file upload_16.cif (mmCIF, C-alpha atoms)
data_structure
loop_
_atom_site.group_PDB
_atom_site.id
_atom_site.type_symbol
_atom_site.label_atom_id
_atom_site.label_comp_id
_atom_site.auth_asym_id
_atom_site.auth_seq_id
_atom_site.Cartn_x
_atom_site.Cartn_y
_atom_site.Cartn_z
ATOM 1 C CA MET A 1 78.449 -98.723 175.790
ATOM 2 C CA ARG A 2 78.257 -98.188 172.047
ATOM 3 C CA ALA A 3 81.149 -96.071 170.796
ATOM 4 C CA TYR A 4 79.176 -95.056 167.722
ATOM 5 C CA GLU A 5 75.562 -93.914 167.730
ATOM 6 C CA TRP A 6 73.367 -93.859 164.639
ATOM 7 C CA PRO A 7 70.676 -91.243 164.071
ATOM 8 C CA MET A 8 67.186 -92.218 165.132
ATOM 9 C CA ASP A 9 65.804 -93.286 161.741
ATOM 10 C CA ALA A 10 67.924 -96.350 160.902
ATOM 11 C CA ARG A 11 65.941 -97.005 157.715
ATOM 12 C CA ARG A 12 67.690 -94.205 155.875
ATOM 13 C CA SER A 13 71.090 -94.393 154.192
ATOM 14 C CA PHE A 14 73.372 -91.854 155.840
ATOM 15 C CA SER A 15 76.250 -90.077 154.156
ATOM 16 C CA THR A 16 78.689 -88.239 156.405
ATOM 17 C CA ARG A 17 79.850 -84.943 154.933
ATOM 18 C CA VAL A 18 81.174 -83.069 157.964
ATOM 19 C CA VAL A 19 82.936 -84.233 161.123
ATOM 20 C CA PHE A 20 82.870 -81.901 164.120
ATOM 21 C CA PHE A 21 85.145 -82.218 167.138
ATOM 22 C CA ASP A 22 85.011 -81.094 170.726
ATOM 23 C CA ALA A 23 88.371 -79.597 171.753
ATOM 24 C CA ALA A 24 89.577 -80.055 175.351
ATOM 25 C CA GLY A 25 89.569 -83.724 176.299
ATOM 26 C CA THR A 26 88.990 -84.755 172.695
ATOM 27 C CA LEU A 27 91.672 -83.175 170.523
ATOM 28 C CA ILE A 28 93.829 -81.511 173.163
ATOM 29 C CA ARG A 29 94.835 -81.875 176.793
ATOM 30 C CA LEU A 30 96.987 -79.968 179.257
ATOM 31 C CA ALA A 31 100.617 -81.060 179.397
ATOM 32 C CA ARG A 32 100.586 -80.305 183.169
ATOM 33 C CA SER A 33 97.725 -80.142 185.652
ATOM 34 C CA VAL A 34 95.552 -77.060 186.073
ATOM 35 C CA GLY A 35 96.797 -76.811 189.647
ATOM 36 C CA TRP A 36 100.406 -76.666 188.502
ATOM 37 C CA HIS A 37 99.694 -73.591 186.369
ATOM 38 C CA TYR A 38 97.642 -71.932 189.097
ATOM 39 C CA ARG A 39 100.434 -72.483 191.611
ATOM 40 C CA GLN A 40 103.082 -70.922 189.359
ATOM 41 C CA ALA A 41 100.891 -67.863 188.803
ATOM 42 C CA ALA A 42 100.155 -67.540 192.513
ATOM 43 C CA ILE A 43 103.830 -67.747 193.451
ATOM 44 C CA LYS A 44 104.589 -64.999 190.956
ATOM 45 C CA HIS A 45 102.031 -62.702 192.560
ATOM 46 C CA GLY A 46 102.516 -63.220 196.289
ATOM 47 C CA GLY A 47 100.869 -66.542 197.202
ATOM 48 C CA ASP A 48 101.761 -70.204 197.409
ATOM 49 C CA PHE A 49 99.277 -73.073 197.547
ATOM 50 C CA SER A 50 99.626 -76.770 196.936
ATOM 51 C CA GLU A 51 99.036 -78.118 193.446
ATOM 52 C CA ALA A 52 96.704 -80.762 194.879
ATOM 53 C CA ASP A 53 94.561 -78.177 196.681
ATOM 54 C CA LEU A 54 94.344 -76.023 193.573
ATOM 55 C CA ASN A 55 93.367 -79.019 191.452
ATOM 56 C CA ARG A 56 90.661 -79.929 193.962
ATOM 57 C CA GLU A 57 89.212 -76.421 194.121
ATOM 58 C CA PHE A 58 89.313 -76.007 190.364
ATOM 59 C CA GLY A 59 87.450 -79.285 189.936
ATOM 60 C CA LEU A 60 84.767 -78.168 192.373
ATOM 61 C CA ALA A 61 84.438 -74.743 190.769
ATOM 62 C CA TRP A 62 84.309 -76.209 187.268
ATOM 63 C CA LYS A 63 81.457 -78.543 188.179
ATOM 64 C CA THR A 64 79.326 -75.911 189.909
ATOM 65 C CA HIS A 65 80.135 -72.625 188.162
ATOM 66 C CA GLU A 66 77.093 -71.626 186.134
ATOM 67 C CA PRO A 67 77.700 -71.096 182.399
ATOM 68 C CA PRO A 68 77.185 -67.626 180.947
ATOM 69 C CA VAL A 69 73.632 -66.647 180.107
ATOM 70 C CA GLU A 70 72.634 -67.872 176.659
ATOM 71 C CA THR A 71 72.219 -64.913 174.297
ATOM 72 C CA ARG A 72 72.876 -66.585 170.916
ATOM 73 C CA ARG A 73 75.045 -63.545 170.198
ATOM 74 C CA LYS A 74 78.802 -63.124 170.479
ATOM 75 C CA ARG A 75 79.876 -62.349 174.037
ATOM 76 C CA LEU A 76 81.996 -59.244 173.689
ATOM 77 C CA ASP A 77 84.352 -60.059 176.561
ATOM 78 C CA ASP A 78 85.077 -63.521 175.090
ATOM 79 C CA ASP A 79 84.013 -64.976 178.484
ATOM 80 C CA LYS A 80 86.918 -63.334 180.313
ATOM 81 C CA ASP A 81 84.661 -62.139 183.156
ATOM 82 C CA TRP A 82 83.317 -65.692 183.522
ATOM 83 C CA TRP A 83 86.831 -67.037 183.859
ATOM 84 C CA ARG A 84 87.729 -64.294 186.358
ATOM 85 C CA ALA A 85 84.821 -65.315 188.586
ATOM 86 C CA LEU A 86 85.863 -68.969 188.386
ATOM 87 C CA VAL A 87 89.472 -68.154 189.298
ATOM 88 C CA TRP A 88 88.218 -66.107 192.256
ATOM 89 C CA ARG A 89 86.312 -69.158 193.495
ATOM 90 C CA VAL A 90 89.415 -71.313 193.229
ATOM 91 C CA LEU A 91 91.479 -68.769 195.142
ATOM 92 C CA ASP A 92 88.782 -68.428 197.796
ATOM 93 C CA GLY A 93 88.747 -72.194 198.128
ATOM 94 C CA VAL A 94 92.455 -72.383 198.919
ATOM 95 C CA GLY A 95 92.243 -69.465 201.352
ATOM 96 C CA ALA A 96 94.126 -66.865 199.344
ATOM 97 C CA GLY A 97 94.739 -63.804 201.497
ATOM 98 C CA GLU A 98 95.549 -60.174 200.891
ATOM 99 C CA SER A 99 99.187 -60.925 200.117
ATOM 100 C CA LEU A 100 98.125 -62.310 196.742
ATOM 101 C CA ASP A 101 97.584 -59.787 193.961
ATOM 102 C CA ARG A 102 94.464 -61.435 192.570
ATOM 103 C CA ALA A 103 94.022 -59.168 189.581
ATOM 104 C CA ALA A 104 97.579 -59.715 188.399
ATOM 105 C CA CYS A 105 97.346 -63.443 189.137
ATOM 106 C CA PHE A 106 94.248 -63.744 186.982
ATOM 107 C CA GLU A 107 95.801 -61.875 184.063
ATOM 108 C CA THR A 108 98.815 -64.179 184.222
ATOM 109 C CA LEU A 109 96.556 -67.249 184.228
ATOM 110 C CA TYR A 110 94.382 -65.970 181.405
ATOM 111 C CA ALA A 111 97.435 -65.483 179.210
ATOM 112 C CA GLU A 112 99.008 -68.744 180.403
ATOM 113 C CA PHE A 113 96.351 -71.002 178.925
ATOM 114 C CA ALA A 114 96.968 -69.632 175.447
ATOM 115 C CA ARG A 115 100.752 -69.991 175.570
ATOM 116 C CA PRO A 116 102.600 -72.500 173.381
ATOM 117 C CA GLY A 117 103.486 -75.692 175.212
ATOM 118 C CA VAL A 118 100.655 -75.536 177.744
ATOM 119 C CA TRP A 119 98.320 -77.688 175.647
ATOM 120 C CA GLU A 120 99.238 -80.745 173.635
ATOM 121 C CA LEU A 121 97.437 -82.824 171.030
ATOM 122 C CA PHE A 122 96.409 -86.354 171.870
ATOM 123 C CA PRO A 123 99.000 -88.559 170.128
ATOM 124 C CA GLU A 124 96.691 -89.922 167.439
ATOM 125 C CA ALA A 125 95.091 -86.578 166.577
ATOM 126 C CA PRO A 126 97.422 -85.301 163.792
ATOM 127 C CA ALA A 127 97.269 -88.485 161.728
ATOM 128 C CA VAL A 128 93.499 -88.799 162.129
ATOM 129 C CA LEU A 129 92.893 -85.175 161.123
ATOM 130 C CA ASP A 130 95.167 -85.557 158.108
ATOM 131 C CA ALA A 131 93.355 -88.706 157.002
ATOM 132 C CA LEU A 132 89.866 -87.259 157.435
ATOM 133 C CA SER A 133 90.572 -83.827 155.947
ATOM 134 C CA ALA A 134 91.247 -85.448 152.590
ATOM 135 C CA LYS A 135 87.617 -86.568 152.350
ATOM 136 C CA TYR A 136 85.476 -84.637 154.854
ATOM 137 C CA GLU A 137 84.971 -81.077 155.948
ATOM 138 C CA LEU A 138 86.082 -80.745 159.566
ATOM 139 C CA GLY A 139 84.816 -78.418 162.261
ATOM 140 C CA ILE A 140 84.969 -77.511 165.945
ATOM 141 C CA ILE A 141 82.092 -77.348 168.435
ATOM 142 C CA SER A 142 83.646 -76.365 171.759
ATOM 143 C CA ASN A 143 82.824 -74.732 175.084
ATOM 144 C CA PHE A 144 86.050 -72.746 174.880
ATOM 145 C CA ASP A 145 86.694 -69.122 173.984
ATOM 146 C CA GLY A 146 88.655 -67.319 171.296
ATOM 147 C CA ARG A 147 91.961 -68.491 172.747
ATOM 148 C CA LEU A 148 91.231 -71.882 171.191
ATOM 149 C CA ARG A 149 92.127 -70.495 167.774
ATOM 150 C CA THR A 150 95.581 -69.538 169.077
ATOM 151 C CA VAL A 151 96.027 -72.904 170.799
ATOM 152 C CA LEU A 152 95.173 -74.968 167.719
ATOM 153 C CA ARG A 153 97.217 -72.711 165.457
ATOM 154 C CA ASP A 154 100.280 -73.139 167.686
ATOM 155 C CA LEU A 155 99.707 -76.910 167.637
ATOM 156 C CA GLY A 156 99.701 -76.846 163.847
ATOM 157 C CA VAL A 157 96.164 -78.085 163.182
ATOM 158 C CA ALA A 158 93.966 -74.967 163.003
ATOM 159 C CA ASP A 159 93.981 -75.030 159.203
ATOM 160 C CA ARG A 160 92.312 -78.451 159.217
ATOM 161 C CA PHE A 161 89.040 -76.925 160.438
ATOM 162 C CA ARG A 162 86.695 -75.095 158.121
ATOM 163 C CA HIS A 163 83.870 -74.502 160.592
ATOM 164 C CA TRP A 164 84.365 -73.047 164.079
ATOM 165 C CA VAL A 165 81.615 -72.976 166.697
ATOM 166 C CA ILE A 166 83.059 -71.641 169.952
ATOM 167 C CA SER A 167 80.627 -71.009 172.794
ATOM 168 C CA SER A 168 81.777 -67.452 173.535
ATOM 169 C CA GLU A 169 81.385 -66.572 169.853
ATOM 170 C CA VAL A 170 77.892 -68.024 169.379
ATOM 171 C CA GLY A 171 76.517 -67.026 172.779
ATOM 172 C CA ALA A 172 75.604 -70.488 174.039
ATOM 173 C CA ASP A 173 77.345 -73.434 175.665
ATOM 174 C CA LYS A 174 76.854 -77.148 175.098
ATOM 175 C CA PRO A 175 74.608 -78.981 175.927
ATOM 176 C CA SER A 176 72.372 -76.210 174.592
ATOM 177 C CA PRO A 177 71.140 -77.170 171.108
ATOM 178 C CA TRP A 178 72.213 -73.797 169.692
ATOM 179 C CA PRO A 179 75.931 -74.582 169.098
ATOM 180 C CA PHE A 180 74.943 -77.682 167.140
ATOM 181 C CA GLN A 181 72.310 -75.797 165.159
ATOM 182 C CA ARG A 182 74.835 -73.088 164.290
ATOM 183 C CA ALA A 183 77.379 -75.712 163.255
ATOM 184 C CA LEU A 184 74.909 -77.303 160.857
ATOM 185 C CA GLU A 185 73.940 -73.904 159.446
ATOM 186 C CA MET A 186 77.587 -72.964 158.910
ATOM 187 C CA ALA A 187 78.337 -76.238 157.161
ATOM 188 C CA GLY A 188 75.120 -76.212 155.151
ATOM 189 C CA VAL A 189 74.311 -79.841 155.910
ATOM 190 C CA ALA A 190 71.429 -81.781 157.393
ATOM 191 C CA ALA A 191 71.912 -83.108 160.914
ATOM 192 C CA ASP A 192 72.226 -86.721 159.762
ATOM 193 C CA GLU A 193 75.044 -85.728 157.392
ATOM 194 C CA ALA A 194 77.208 -84.558 160.294
ATOM 195 C CA MET A 195 79.117 -86.463 162.946
ATOM 196 C CA HIS A 196 80.192 -85.035 166.295
ATOM 197 C CA VAL A 197 83.138 -86.466 168.230
ATOM 198 C CA GLY A 198 83.502 -85.721 171.929
ATOM 199 C CA ASP A 199 84.305 -87.064 175.377
ATOM 200 C CA SER A 200 81.477 -85.613 177.485
ATOM 201 C CA PRO A 201 78.391 -87.825 177.962
ATOM 202 C CA VAL A 202 76.120 -84.810 178.449
ATOM 203 C CA GLU A 203 77.696 -81.987 176.450
ATOM 204 C CA ASP A 204 78.766 -84.083 173.477
ATOM 205 C CA TRP A 205 77.066 -87.475 173.293
ATOM 206 C CA ASP A 206 73.567 -86.621 174.466
ATOM 207 C CA ALA A 207 73.433 -83.093 173.051
ATOM 208 C CA ALA A 208 74.686 -84.011 169.589
ATOM 209 C CA SER A 209 72.400 -87.048 169.468
ATOM 210 C CA ALA A 210 69.435 -84.852 170.438
ATOM 211 C CA ALA A 211 70.353 -82.553 167.551
ATOM 212 C CA GLY A 212 70.053 -85.546 165.186
ATOM 213 C CA MET A 213 73.766 -85.846 164.480
ATOM 214 C CA GLN A 214 75.818 -89.011 164.291
ATOM 215 C CA VAL A 215 77.954 -89.368 167.412
ATOM 216 C CA LEU A 216 81.345 -90.902 168.109
ATOM 217 C CA ARG A 217 81.416 -91.443 171.865
ATOM 218 C CA LEU A 218 85.048 -90.910 172.789
ATOM 219 C CA HIS A 219 85.839 -92.777 175.996
ATOM 220 C CA ARG A 220 89.553 -93.252 176.481
ATOM 221 C CA PRO A 221 91.201 -95.730 176.905
ATOM 222 C CA GLU A 222 88.400 -97.933 175.519
ATOM 223 C CA ASN A 223 88.635 -96.083 172.207
ATOM 224 C CA SER A 224 90.393 -93.085 170.675
ATOM 225 C CA LEU A 225 90.149 -90.709 167.736
ATOM 226 C CA ALA A 226 91.583 -93.512 165.633
ATOM 227 C CA SER A 227 88.187 -95.216 165.981
ATOM 228 C CA LEU A 228 86.876 -92.658 163.499
ATOM 229 C CA ILE A 229 88.867 -94.212 160.689
ATOM 230 C CA ALA A 230 87.252 -97.606 161.238
ATOM 231 C CA VAL A 231 83.738 -96.183 161.740
ATOM 232 C CA LEU A 232 83.775 -93.921 158.703
ATOM 233 C CA GLY A 233 85.510 -96.565 156.611
ATOM 234 C CA ALA A 234 82.748 -99.039 157.404
ATOM 235 C CA ARG A 235 80.152 -96.437 156.464
ATOM 236 C CA THR A 236 81.551 -96.089 152.942
ATOM 237 C CA GLN A 237 81.821 -99.790 152.154
#

call {"tool": "encode", "arguments": {"input": "upload_16.cif", "output": "structure tokens"}}
result
Amino acid sequence: MRAYEWPMDARRSFSTRVVFFDAAGTLIRLARSVGWHYRQAAIKHGGDFSEADLNREFGLAWKTHEPPVETRRKRLDDDKDWWRALVWRVLDGVGAGESLDRAACFETLYAEFARPGVWELFPEAPAVLDALSAKYELGIISNFDGRLRTVLRDLGVADRFRHWVISSEVGADKPSPWPFQRALEMAGVAADEAMHVGDSPVEDWDAASAAGMQVLRLHRPENSLASLIAVLGARTQ
């Protein structure tokens, strides 16, 4: 596997002006498992299920839950209804009964994943962002919702990013081409002047490559965000 992918026309001389990042799995990760948070919320509201079962059901729901309909307009509920439906599927999967106050459990969970301490930066992320922000414009292209702004602000890195493309705010989710098109429009650059960094083969690698962008294929532990320093350094020599 090539960690770095060049645009299609290798005859041209490429100059990177903007570096975009995926968020979850690329810049940030949960400090505890999803199931751990779901279990704490369930206990608070009248239910108790194993962390392992909740992790399993979340994984299944995440893989099969259809993304919101693409509108290319801001989704006014910030995808909260989408998340509610996903949580319902998880609770159905673990056999949640009437003793659980589902509505209250969901509201607790929705707030939980924007609380300080729930997410953490990958260890190399702060130094890499500091190094790159001195030379490049940085941006986000993420299938998250508006809570991401709070998360990255609490982690102390939100001010590094000039361009924000969040799926709930642009009305489309990766691997749709629209988030990448909007990112390029916001930054005012050609596709081959932008690099996208992400961990998903479909949503990040393939989709950004199809949009004509340079791609850093993040695949831990084989590489990390620190690979950007070497790749971009080689590009400027």

call {"tool": "closest_atom_pairs", "arguments": {"input": "upload_16.cif", "of": "segment 135-182 of chain A", "to": "segment 192-207 of chain A", "cutoff": "7 Å", "atoms": "only C-alpha atoms", "output": "tab-separated table"}}
result
residue	atom	partner	partner_atom	distance
A:Lys174	CA	A:Glu203	CA	5.1
A:Pro175	CA	A:Glu203	CA	4.3
A:Pro177	CA	A:Ala207	CA	6.6

call {"tool": "closest_residue", "arguments": {"input": "upload_16.cif", "among": "A:Ala103, A:Leu232, A:Ala187, A:Leu121", "to": "Gly139 of chain A", "atoms": "all atoms listed in the file"}}
result
A:Ala187

call {"tool": "resolve_selection", "arguments": {"input": "upload_16.cif", "expression": "the PyMOL selection byres ((chain A and resi 87) around 10)", "output": "number ranges by chain"}}
result
A: 38, 57-58, 61-62, 81-86, 88-93, 102, 105-106, 109-110

call {"tool": "atom_distance", "arguments": {"input": "upload_16.cif", "atom1": "atom CA of Arg29 of chain A", "atom2": "atom CA of Ser167 of chain A"}}
result
18.3 Å

call {"tool": "closest_residue", "arguments": {"input": "upload_16.cif", "among": "A:Ser33, A:Ala191, A:Lys74, A:Phe161", "to": "Ala134 of chain A", "atoms": "all atoms listed in the file"}}
result
A:Phe161

call {"tool": "resolve_selection", "arguments": {"input": "upload_16.cif", "expression": "the PyMOL selection byres ((chain A and resi 77) around 10)", "output": "short mmCIF file (atom, residue, chain, number, x, y, z; two decimals) with C-alpha atoms, in the frame of the given file"}}
result
data_model
loop_
_atom_site.label_atom_id
_atom_site.label_comp_id
_atom_site.auth_asym_id
_atom_site.auth_seq_id
_atom_site.Cartn_x
_atom_site.Cartn_y
_atom_site.Cartn_z
CA LYS A 74 78.80 -63.12 170.48
CA ARG A 75 79.88 -62.35 174.04
CA LEU A 76 82.00 -59.24 173.69
CA ASP A 78 85.08 -63.52 175.09
CA ASP A 79 84.01 -64.98 178.48
CA LYS A 80 86.92 -63.33 180.31
CA ASP A 81 84.66 -62.14 183.16
CA TRP A 82 83.32 -65.69 183.52
CA ASP A 145 86.69 -69.12 173.98
CA GLY A 146 88.66 -67.32 171.30
CA SER A 168 81.78 -67.45 173.54
CA GLU A 169 81.39 -66.57 169.85
#

call {"tool": "closest_residue", "arguments": {"input": "upload_16.cif", "among": "A:His37, A:Lys135, A:Lys63, A:Arg115", "to": "Gly233 of chain A", "atoms": "all atoms listed in the file"}}
result
A:Lys135

call {"tool": "atom_distance", "arguments": {"input": "upload_16.cif", "atom1": "atom CA of Ala211 of chain A", "atom2": "atom CA of Arg153 of chain A"}}
result
28.7 Å

call {"tool": "resolve_selection", "arguments": {"input": "upload_16.cif", "expression": "the PyMOL selection byres ((chain A and resi 23) around 10)", "output": "MDAnalysis selection string"}}
result
chainID A and resid 20:22 24:29 121 140:144 148 152 166 197:199

call {"tool": "residues_around", "arguments": {"input": "upload_16.cif", "residues": "Arg182 of chain A", "least_positions_apart": "3", "cutoff": "10 Å", "atoms": "only C-alpha atoms", "output": "PyMOL selection string"}}
result
chain A and resi 72+141+163-165+170+177-179+185-188

call {"tool": "closest_residue", "arguments": {"input": "upload_16.cif", "among": "A:Ala131, A:Ala125, A:Val189, A:Val151", "to": "Ile229 of chain A", "atoms": "only C-alpha atoms"}}
result
A:Ala131
